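Everything below concerns the one structure shown next.
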Amino acid sequence: MIKICCVIPARVNSSRLNKKLLKRINGEYLIEYVRKRVLKAINNKHVFVATADKEIFKIIKKNNGNLITTNKSHRDGTSRVSEAIEKLDYSHVIIVQGDEPFISAKLLKVFKSKIKNNPKIKCWNYISVLNNKRELDDENTVKCTISKNDIIKDAFRLNKKKYKKIYKLQGVFAFEKNFLLNLHNITNNKRQKNEKIEQLRIILSKYKIKAIVGDEDYISVNTYTDLTKVKKLLKFKKNEFK
């Protein structure tokens with residue numbers, strides 16, 4: 001039976017913008033803003049925030065969100081989600097990063113539909129066409145290429161001009177539960193460690209990531225500049241959750 005949940009991995013410390021999930025946009029903490037966006041597509045009882053930090057725990061608890069306390073020593077969000085879902089009764093999990101304030105109900109519904117129609121696919125990742133020259137040259141923007149059948153072939157940070165069509169690798173993906181629980185068995189590789197791209201662990205193994213290609217380009221909050229831009233774009237949506 002196909003049962004889908006959404007987990008938002010969250011931690012206070014971040015390298016490029018300290019305590020970014022505790023920054024406020026439209027009066028909400030960023031982590032809570034993202035959670036409320038997810039609730040537009042997925043029922044609250046199937047949405048969880050996985051964290052080891054008391055600050056985030058208090059915010060989500062105050063807003064009646066579902067919490068899963070995890071170990072502090074996770075190397076990435078995927079690892080944290082793996083611990084979080086181990087004892088949950090779901091077949092698949094959609095992972096939304098806590099710094100994705102523009103995540104849409106439309107996209108999350110597409111993920112749910114794709115999973116239900118193709119339950120044997122182990123891993124999905126949302127990508128969008130990348131034509132912005134600034135982002136093409138920005139190492140903070142993770143890029144990728146795909147095959148004719150929408151399998152992600154490569155992921156990278158530096159602009160690789162040898163590729164004719166480059167996509168933006170977005171921070172929304174999904175896993176079949178058992179595959180995620182066994183992901184630690186896939187050997188780490190040098191490129192993954194050097195470029196800090198979680199997906200390279202799978203891409204450079206015998207497994208595949210199926211791309212969901214769309215035209216929604218999400219701005220993640222990685223730097224103070226991103227935060228400022230997000231606040232400007234959302235200044236007219238102050239009552240969107242009421």
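Chain labels follow the order of the structure tokens: the first chain is A, the next B, and so on; residue numbering restarts at 1 in every chain, and ligands are counted from 1 in their shown order.
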
- request: Enumerate the residues of segment 3-214 of chain A with a DSSP assignment of alpha helix (DSSP H), computed from the backbone, and present them as a PyMOL selection string.
  value: chain A and resi 30-38+54-62+77-85+105-117+133-136+177-181+190-195+200-203

field: Contact residues around Arg80 of chain A with only C-alpha atoms at 7 Å, ignoring same-chain residues under 6 positions, as a PyMOL selection string
entry: chain A and resi 9+50+70+74

query: Hey, which of A:Asn43, A:Thr223, A:Ser91, A:Ser205 ends up closest to Lys120 of chain A? Count only C-alpha atoms.
result: A:Ser91

query: For Tyr33 of chain A, which residue among A:Ile94, A:Leu200, A:Val213, A:Val230 is the nearest when counting only C-alpha atoms?
result: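 So, comparing all the options, the nearest one is A:Val230.
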
field: DSSP-assigned strand (DSSP E or B) among chain A, expressed as a PyMOL selection string
entry: chain A and resi 4-10+24-25+28-29+47-51+66-69+92-96+123-129+143-146+151-156+167-176+210-214

Quick one: contact table of segment 212-240 of chain A to segment 101-118 of chain A, 9 Å max, nearest atom pair and distance in Å to one decimal per residue, counting only C-alpha atoms, chain and number order, as a tab-separated table?
residue	atom	partner	partner_atom	distance
A:Ile212	CA	A:Phe111	CA	7.9
A:Gly214	CA	A:Leu107	CA	8.5
A:Glu216	CA	A:Leu107	CA	8.4
A:Asp217	CA	A:Phe102	CA	8.7
A:Tyr218	CA	A:Phe102	CA	5.8
A:Ile219	CA	A:Phe102	CA	6.8
A:Ser220	CA	A:Pro101	CA	7.0
A:Val221	CA	A:Pro101	CA	7.9
A:Val230	CA	A:Pro101	CA	7.9

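Across the structure, atom CA of Ile8 of chain A and atom CA of Val93 of chain A are spaced 10.1 Å apart.
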
Residues within 9 Å of Asp138 of chain A, only C-alpha atoms, excluding chain neighbours under 4 positions, as an NGL selection string: :A and (133-134 or 142 or 157-159)

Can you write just those residues out, C-alpha atoms, as a PDB file, in the first residue's frame?
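Ended up saving to out-v3.pdb:
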ATOM      1  CA  LYS A 133      23.535  33.536 -16.426  1.00  0.00           C
ATOM      2  CA  ARG A 134      24.195  34.659 -12.858  1.00  0.00           C
ATOM      3  CA  VAL A 142      23.523  23.210  -7.773  1.00  0.00           C
ATOM      4  CA  ARG A 157      28.335  23.529  -8.944  1.00  0.00           C
ATOM      5  CA  LEU A 158      30.713  25.014 -11.520  1.00  0.00           C
ATOM      6  CA  ASN A 159      29.205  25.958 -14.891  1.00  0.00           C
TER       7      ASN A 159
END

field: Within 9 Å of Lys143 of chain A using only C-alpha atoms, minus same-chain residues under 4 positions, as a list in words
entry: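 Result of the neighbour search: Ile127, Leu130, Leu136, Glu139, Asp154, Ala155, Phe156, Arg157, Leu158, Asn159, Ile166, Tyr167, Lys168, Leu169 and Gln170 of chain A.
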
Hey, can you spit out that residue selection with all heavy atoms as a CSV table (one decimal), in the first residue's frame?
chain,number,residue,atom,x,y,z
A,127,ILE,N,13.6,19.3,-10.7
A,127,ILE,CA,14.6,20.2,-11.3
A,127,ILE,C,13.8,21.2,-12.2
A,127,ILE,O,12.7,21.0,-12.7
A,127,ILE,CB,15.6,19.4,-12.2
A,127,ILE,CG1,14.9,18.8,-13.4
A,127,ILE,CG2,16.3,18.4,-11.4
A,127,ILE,CD1,15.9,18.1,-14.4
A,130,LEU,N,17.4,26.0,-16.3
A,130,LEU,CA,18.2,27.1,-15.8
A,130,LEU,C,18.8,27.9,-17.0
A,130,LEU,O,19.7,27.4,-17.7
A,130,LEU,CB,19.4,26.5,-15.0
A,130,LEU,CG,20.3,27.5,-14.3
A,130,LEU,CD1,19.6,28.5,-13.4
A,130,LEU,CD2,21.4,26.7,-13.5
A,136,LEU,N,24.0,30.3,-13.4
A,136,LEU,CA,24.8,29.4,-14.1
A,136,LEU,C,26.3,29.5,-13.5
A,136,LEU,O,27.0,28.4,-13.4
A,136,LEU,CB,24.8,29.6,-15.6
A,136,LEU,CG,23.6,29.0,-16.4
A,136,LEU,CD1,23.6,29.6,-17.8
A,136,LEU,CD2,23.7,27.5,-16.4
A,139,GLU,N,28.3,29.2,-7.7
A,139,GLU,CA,28.6,27.9,-7.1
A,139,GLU,C,27.5,27.5,-6.0
A,139,GLU,O,27.5,26.4,-5.6
A,139,GLU,CB,30.0,27.9,-6.5
A,139,GLU,CG,31.1,28.0,-7.6
A,139,GLU,CD,32.4,27.8,-7.0
A,139,GLU,OE1,32.6,27.1,-6.0
A,139,GLU,OE2,33.4,28.5,-7.5
A,154,ASP,N,24.2,13.9,-14.1
A,154,ASP,CA,25.4,14.5,-13.4
A,154,ASP,C,24.8,15.7,-12.6
A,154,ASP,O,23.8,16.3,-13.0
A,154,ASP,CB,26.4,15.0,-14.4
A,154,ASP,CG,27.7,15.3,-13.7
A,154,ASP,OD1,27.9,15.0,-12.6
A,154,ASP,OD2,28.6,16.0,-14.4
A,155,ALA,N,25.5,16.0,-11.5
A,155,ALA,CA,25.2,17.2,-10.7
A,155,ALA,C,26.5,17.9,-10.4
A,155,ALA,O,27.6,17.3,-10.2
A,155,ALA,CB,24.5,16.8,-9.4
A,156,PHE,N,26.5,19.2,-10.4
A,156,PHE,CA,27.8,20.0,-10.2
A,156,PHE,C,27.4,21.4,-9.8
A,156,PHE,O,26.3,21.9,-9.9
A,156,PHE,CB,28.5,20.0,-11.5
A,156,PHE,CG,27.7,20.3,-12.8
A,156,PHE,CD1,27.5,21.5,-13.2
A,156,PHE,CD2,27.0,19.2,-13.4
A,156,PHE,CE1,26.6,21.8,-14.3
A,156,PHE,CE2,26.2,19.4,-14.5
A,156,PHE,CZ,26.0,20.7,-15.0
A,157,ARG,N,28.5,22.1,-9.4
A,157,ARG,CA,28.3,23.5,-8.9
A,157,ARG,C,28.9,24.5,-10.0
A,157,ARG,O,28.3,25.5,-10.3
A,157,ARG,CB,29.0,23.8,-7.6
A,157,ARG,CG,28.3,23.1,-6.4
A,157,ARG,CD,28.8,23.4,-5.1
A,157,ARG,NE,28.1,22.7,-4.0
A,157,ARG,CZ,27.0,23.2,-3.4
A,157,ARG,NH1,26.5,24.3,-3.8
A,157,ARG,NH2,26.4,22.5,-2.5
A,158,LEU,N,30.1,24.2,-10.5
A,158,LEU,CA,30.7,25.0,-11.5
A,158,LEU,C,30.0,24.9,-12.8
A,158,LEU,O,29.5,23.8,-13.2
A,158,LEU,CB,32.2,24.6,-11.7
A,158,LEU,CG,33.1,24.9,-10.5
A,158,LEU,CD1,34.5,24.3,-10.8
A,158,LEU,CD2,33.2,26.4,-10.2
A,159,ASN,N,29.9,26.0,-13.6
A,159,ASN,CA,29.2,26.0,-14.9
A,159,ASN,C,30.0,25.1,-15.9
A,159,ASN,O,31.1,25.4,-16.3
A,159,ASN,CB,29.1,27.4,-15.4
A,159,ASN,CG,28.3,27.5,-16.7
A,159,ASN,OD1,27.7,26.5,-17.2
A,159,ASN,ND2,28.2,28.6,-17.3
A,166,ILE,N,21.3,22.8,-19.2
A,166,ILE,CA,21.6,22.7,-17.8
A,166,ILE,C,20.3,23.0,-17.0
A,166,ILE,O,19.6,24.0,-17.3
A,166,ILE,CB,22.8,23.6,-17.4
A,166,ILE,CG1,24.0,23.1,-18.1
A,166,ILE,CG2,23.0,23.6,-15.9
A,166,ILE,CD1,25.3,24.0,-17.8
A,167,TYR,N,20.1,22.2,-16.0
A,167,TYR,CA,18.9,22.4,-15.1
A,167,TYR,C,19.4,22.8,-13.7
A,167,TYR,O,20.5,22.5,-13.3
A,167,TYR,CB,18.1,21.1,-15.0
A,167,TYR,CG,17.5,20.7,-16.4
A,167,TYR,CD1,18.3,20.0,-17.3
A,167,TYR,CD2,16.2,21.0,-16.7
A,167,TYR,CE1,17.7,19.6,-18.5
A,167,TYR,CE2,15.6,20.6,-17.9
A,167,TYR,CZ,16.4,19.9,-18.8
A,167,TYR,OH,15.8,19.5,-20.0
A,168,LYS,N,18.5,23.3,-13.0
A,168,LYS,CA,18.7,23.7,-11.6
A,168,LYS,C,18.2,22.6,-10.7
A,168,LYS,O,17.0,22.2,-10.8
A,168,LYS,CB,18.0,25.0,-11.2
A,168,LYS,CG,18.3,25.5,-9.8
A,168,LYS,CD,17.6,26.8,-9.6
A,168,LYS,CE,17.8,27.3,-8.2
A,168,LYS,NZ,17.2,28.7,-8.0
A,169,LEU,N,19.0,22.0,-9.9
A,169,LEU,CA,18.7,20.9,-9.0
A,169,LEU,C,18.0,21.5,-7.7
A,169,LEU,O,18.7,22.2,-6.9
A,169,LEU,CB,19.9,20.1,-8.6
A,169,LEU,CG,19.7,18.7,-8.1
A,169,LEU,CD1,19.0,17.8,-9.0
A,169,LEU,CD2,21.1,18.1,-7.7
A,170,GLN,N,16.7,21.3,-7.6
A,170,GLN,CA,16.0,22.0,-6.5
A,170,GLN,C,16.0,21.1,-5.2
A,170,GLN,O,16.2,19.9,-5.3
A,170,GLN,CB,14.5,22.2,-7.0
A,170,GLN,CG,14.4,23.1,-8.2
A,170,GLN,CD,14.5,24.6,-8.0
A,170,GLN,OE1,14.7,25.0,-6.8
A,170,GLN,NE2,14.3,25.4,-9.0

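Picture a line from atom CA of Ser73 of chain A to atom CA of Ala52 of chain A; it runs 9.0 Å.
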
task: Rank A:Val129, A:Val96, A:Ile59, A:Ile68 by their smallest atom-to-atom distance to Lys164 of chain A, using only C-alpha atoms, and report the top residue only.
output: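 Under the stated criterion, the closest residue is A:Val129.
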
List the spatial neighbours of Lys23 of chain A as a short mmCIF file (atom, residue, chain, number, x, y, z; two decimals) with N, CA, C and O atoms, in the first residue's frame - criterion: any atom at most 12 Å away, only C-alpha atoms, same-chain residues fewer than 2 positions off excluded.
data_model
loop_
_atom_site.label_atom_id
_atom_site.label_comp_id
_atom_site.auth_asym_id
_atom_site.auth_seq_id
_atom_site.Cartn_x
_atom_site.Cartn_y
_atom_site.Cartn_z
N VAL A 12 19.65 24.24 13.39
CA VAL A 12 19.88 25.67 13.61
C VAL A 12 21.16 26.14 12.93
O VAL A 12 21.17 27.17 12.26
N LEU A 17 24.62 31.16 6.32
CA LEU A 17 23.76 32.12 7.01
C LEU A 17 23.35 31.50 8.33
O LEU A 17 22.47 30.64 8.39
N ASN A 18 24.02 31.92 9.40
CA ASN A 18 23.82 31.29 10.70
C ASN A 18 22.37 31.43 11.19
O ASN A 18 21.76 32.48 11.08
N LYS A 19 21.84 30.34 11.72
CA LYS A 19 20.47 30.28 12.26
C LYS A 19 19.43 30.77 11.26
O LYS A 19 18.45 31.42 11.61
N LYS A 20 19.62 30.40 10.00
CA LYS A 20 18.72 30.92 8.96
C LYS A 20 17.27 30.46 9.14
O LYS A 20 16.34 31.20 8.80
N LEU A 21 17.06 29.26 9.66
CA LEU A 21 15.69 28.78 9.83
C LEU A 21 14.94 29.53 10.92
O LEU A 21 13.72 29.42 11.04
N ILE A 25 10.21 35.76 8.14
CA ILE A 25 9.67 36.32 6.91
C ILE A 25 8.16 36.41 7.08
O ILE A 25 7.51 35.45 7.50
N ASN A 26 7.62 37.58 6.80
CA ASN A 26 6.17 37.83 6.97
C ASN A 26 5.69 37.44 8.37
O ASN A 26 4.60 36.89 8.54
N GLY A 27 6.52 37.71 9.36
CA GLY A 27 6.14 37.46 10.73
C GLY A 27 6.28 36.02 11.20
O GLY A 27 6.03 35.72 12.37
N GLU A 28 6.67 35.13 10.30
CA GLU A 28 6.85 33.72 10.65
C GLU A 28 8.33 33.35 10.64
O GLU A 28 9.11 33.88 9.83
N TYR A 29 8.72 32.43 11.52
CA TYR A 29 10.05 31.86 11.39
C TYR A 29 10.11 31.11 10.06
O TYR A 29 9.12 30.51 9.64
N LEU A 30 11.27 31.13 9.41
CA LEU A 30 11.41 30.50 8.10
C LEU A 30 10.97 29.03 8.12
O LEU A 30 10.23 28.58 7.24
N ILE A 31 11.38 28.28 9.14
CA ILE A 31 11.03 26.87 9.22
C ILE A 31 9.52 26.68 9.31
O ILE A 31 8.95 25.78 8.68
N GLU A 32 8.83 27.53 10.06
CA GLU A 32 7.37 27.42 10.20
C GLU A 32 6.67 27.89 8.93
O GLU A 32 5.63 27.35 8.54
N TYR A 33 7.24 28.89 8.27
CA TYR A 33 6.68 29.36 7.01
C TYR A 33 6.68 28.23 5.98
O TYR A 33 5.68 27.99 5.29
N VAL A 34 7.81 27.53 5.89
CA VAL A 34 7.92 26.41 4.94
C VAL A 34 6.93 25.31 5.31
O VAL A 34 6.24 24.75 4.44
N GLU A 55 15.45 25.07 19.83
CA GLU A 55 14.81 26.28 19.30
C GLU A 55 13.76 25.94 18.25
O GLU A 55 12.66 26.49 18.26
N ILE A 56 14.12 25.04 17.34
CA ILE A 56 13.17 24.65 16.30
C ILE A 56 12.03 23.83 16.89
O ILE A 56 10.86 24.00 16.53
N ILE A 59 9.36 26.08 18.35
CA ILE A 59 8.57 26.79 17.34
C ILE A 59 7.50 25.88 16.75
O ILE A 59 6.32 26.25 16.65
N GLY A 98 14.12 22.94 4.80
CA GLY A 98 13.51 24.01 5.59
C GLY A 98 13.79 25.41 5.11
O GLY A 98 13.26 26.38 5.65
N ASP A 99 14.64 25.54 4.08
CA ASP A 99 14.97 26.87 3.55
C ASP A 99 14.33 27.11 2.18
O ASP A 99 14.82 27.89 1.38
N PRO A 101 11.13 28.54 0.98
CA PRO A 101 9.87 29.24 1.28
C PRO A 101 8.88 29.33 0.12
O PRO A 101 7.73 29.71 0.32
N VAL A 221 16.93 29.89 0.67
CA VAL A 221 17.61 30.88 1.51
C VAL A 221 18.95 30.29 1.95
O VAL A 221 19.03 29.51 2.90
N ASN A 222 20.00 30.65 1.23
CA ASN A 222 21.35 30.19 1.56
C ASN A 222 22.22 31.31 2.14
O ASN A 222 23.14 31.05 2.91
N THR A 223 21.93 32.53 1.74
CA THR A 223 22.74 33.69 2.16
C THR A 223 21.83 34.83 2.61
O THR A 223 20.61 34.79 2.43
N TYR A 224 22.45 35.86 3.18
CA TYR A 224 21.67 37.04 3.60
C TYR A 224 21.03 37.71 2.39
O TYR A 224 19.91 38.22 2.47
N ASP A 226 19.92 36.21 -0.28
CA ASP A 226 18.73 35.41 -0.58
C ASP A 226 17.57 35.79 0.34
O ASP A 226 16.43 35.93 -0.09
N LEU A 227 17.87 35.94 1.62
CA LEU A 227 16.85 36.27 2.60
C LEU A 227 16.20 37.61 2.28
O LEU A 227 14.97 37.75 2.33
N THR A 228 17.00 38.59 1.92
CA THR A 228 16.50 39.91 1.56
C THR A 228 15.59 39.84 0.34
O THR A 228 14.52 40.45 0.29
N VAL A 230 13.93 37.20 -0.76
CA VAL A 230 12.70 36.47 -0.40
C VAL A 230 11.72 37.41 0.30
O VAL A 230 10.52 37.40 0.01
N LYS A 231 12.21 38.20 1.23
CA LYS A 231 11.35 39.12 1.96
C LYS A 231 10.66 40.11 1.01
O LYS A 231 9.48 40.43 1.18
#

field: Pairwise distance for atom CA of Ile2 of chain A and atom CA of Ile95 of chain A, rounded to one decimal in Å
entry: 16.3 Å

- prompt: Nearest to Ala84 of chain A among A:Cys5, A:Ile209, A:Leu234, A:Ala41, with distances taken over only C-alpha atoms: which residue is it?
  reply: A:Cys5

- prompt: Excluding same-chain residues fewer than 2 positions from Thr187 of chain A, what lies within 12 Å of it counting only C-alpha atoms, as an MDAnalysis selection string?
  reply: chainID A and resid 182:185 189:193 200:207

Residues just named, written with C-alpha atoms as an mmCIF file, in the first residue's frame:
data_model
loop_
_atom_site.group_PDB
_atom_site.id
_atom_site.type_symbol
_atom_site.label_atom_id
_atom_site.label_comp_id
_atom_site.auth_asym_id
_atom_site.auth_seq_id
_atom_site.Cartn_x
_atom_site.Cartn_y
_atom_site.Cartn_z
ATOM 1 C CA ASN A 182 19.676 1.558 3.156
ATOM 2 C CA LEU A 183 21.214 4.607 1.514
ATOM 3 C CA HIS A 184 24.123 4.509 3.980
ATOM 4 C CA ASN A 185 25.269 1.316 2.235
ATOM 5 C CA ASN A 189 32.652 9.321 -3.341
ATOM 6 C CA LYS A 190 35.223 12.122 -3.580
ATOM 7 C CA ARG A 191 33.075 14.368 -5.741
ATOM 8 C CA GLN A 192 30.215 14.227 -3.275
ATOM 9 C CA LYS A 193 32.541 15.203 -0.424
ATOM 10 C CA LEU A 200 26.077 12.620 -6.227
ATOM 11 C CA ARG A 201 26.163 9.691 -3.851
ATOM 12 C CA ILE A 202 23.317 8.104 -5.820
ATOM 13 C CA ILE A 203 24.111 9.456 -9.291
ATOM 14 C CA LEU A 204 27.621 7.983 -9.245
ATOM 15 C CA SER A 205 26.388 4.594 -8.003
ATOM 16 C CA LYS A 206 24.405 1.878 -9.802
ATOM 17 C CA TYR A 207 21.144 3.546 -8.721
#
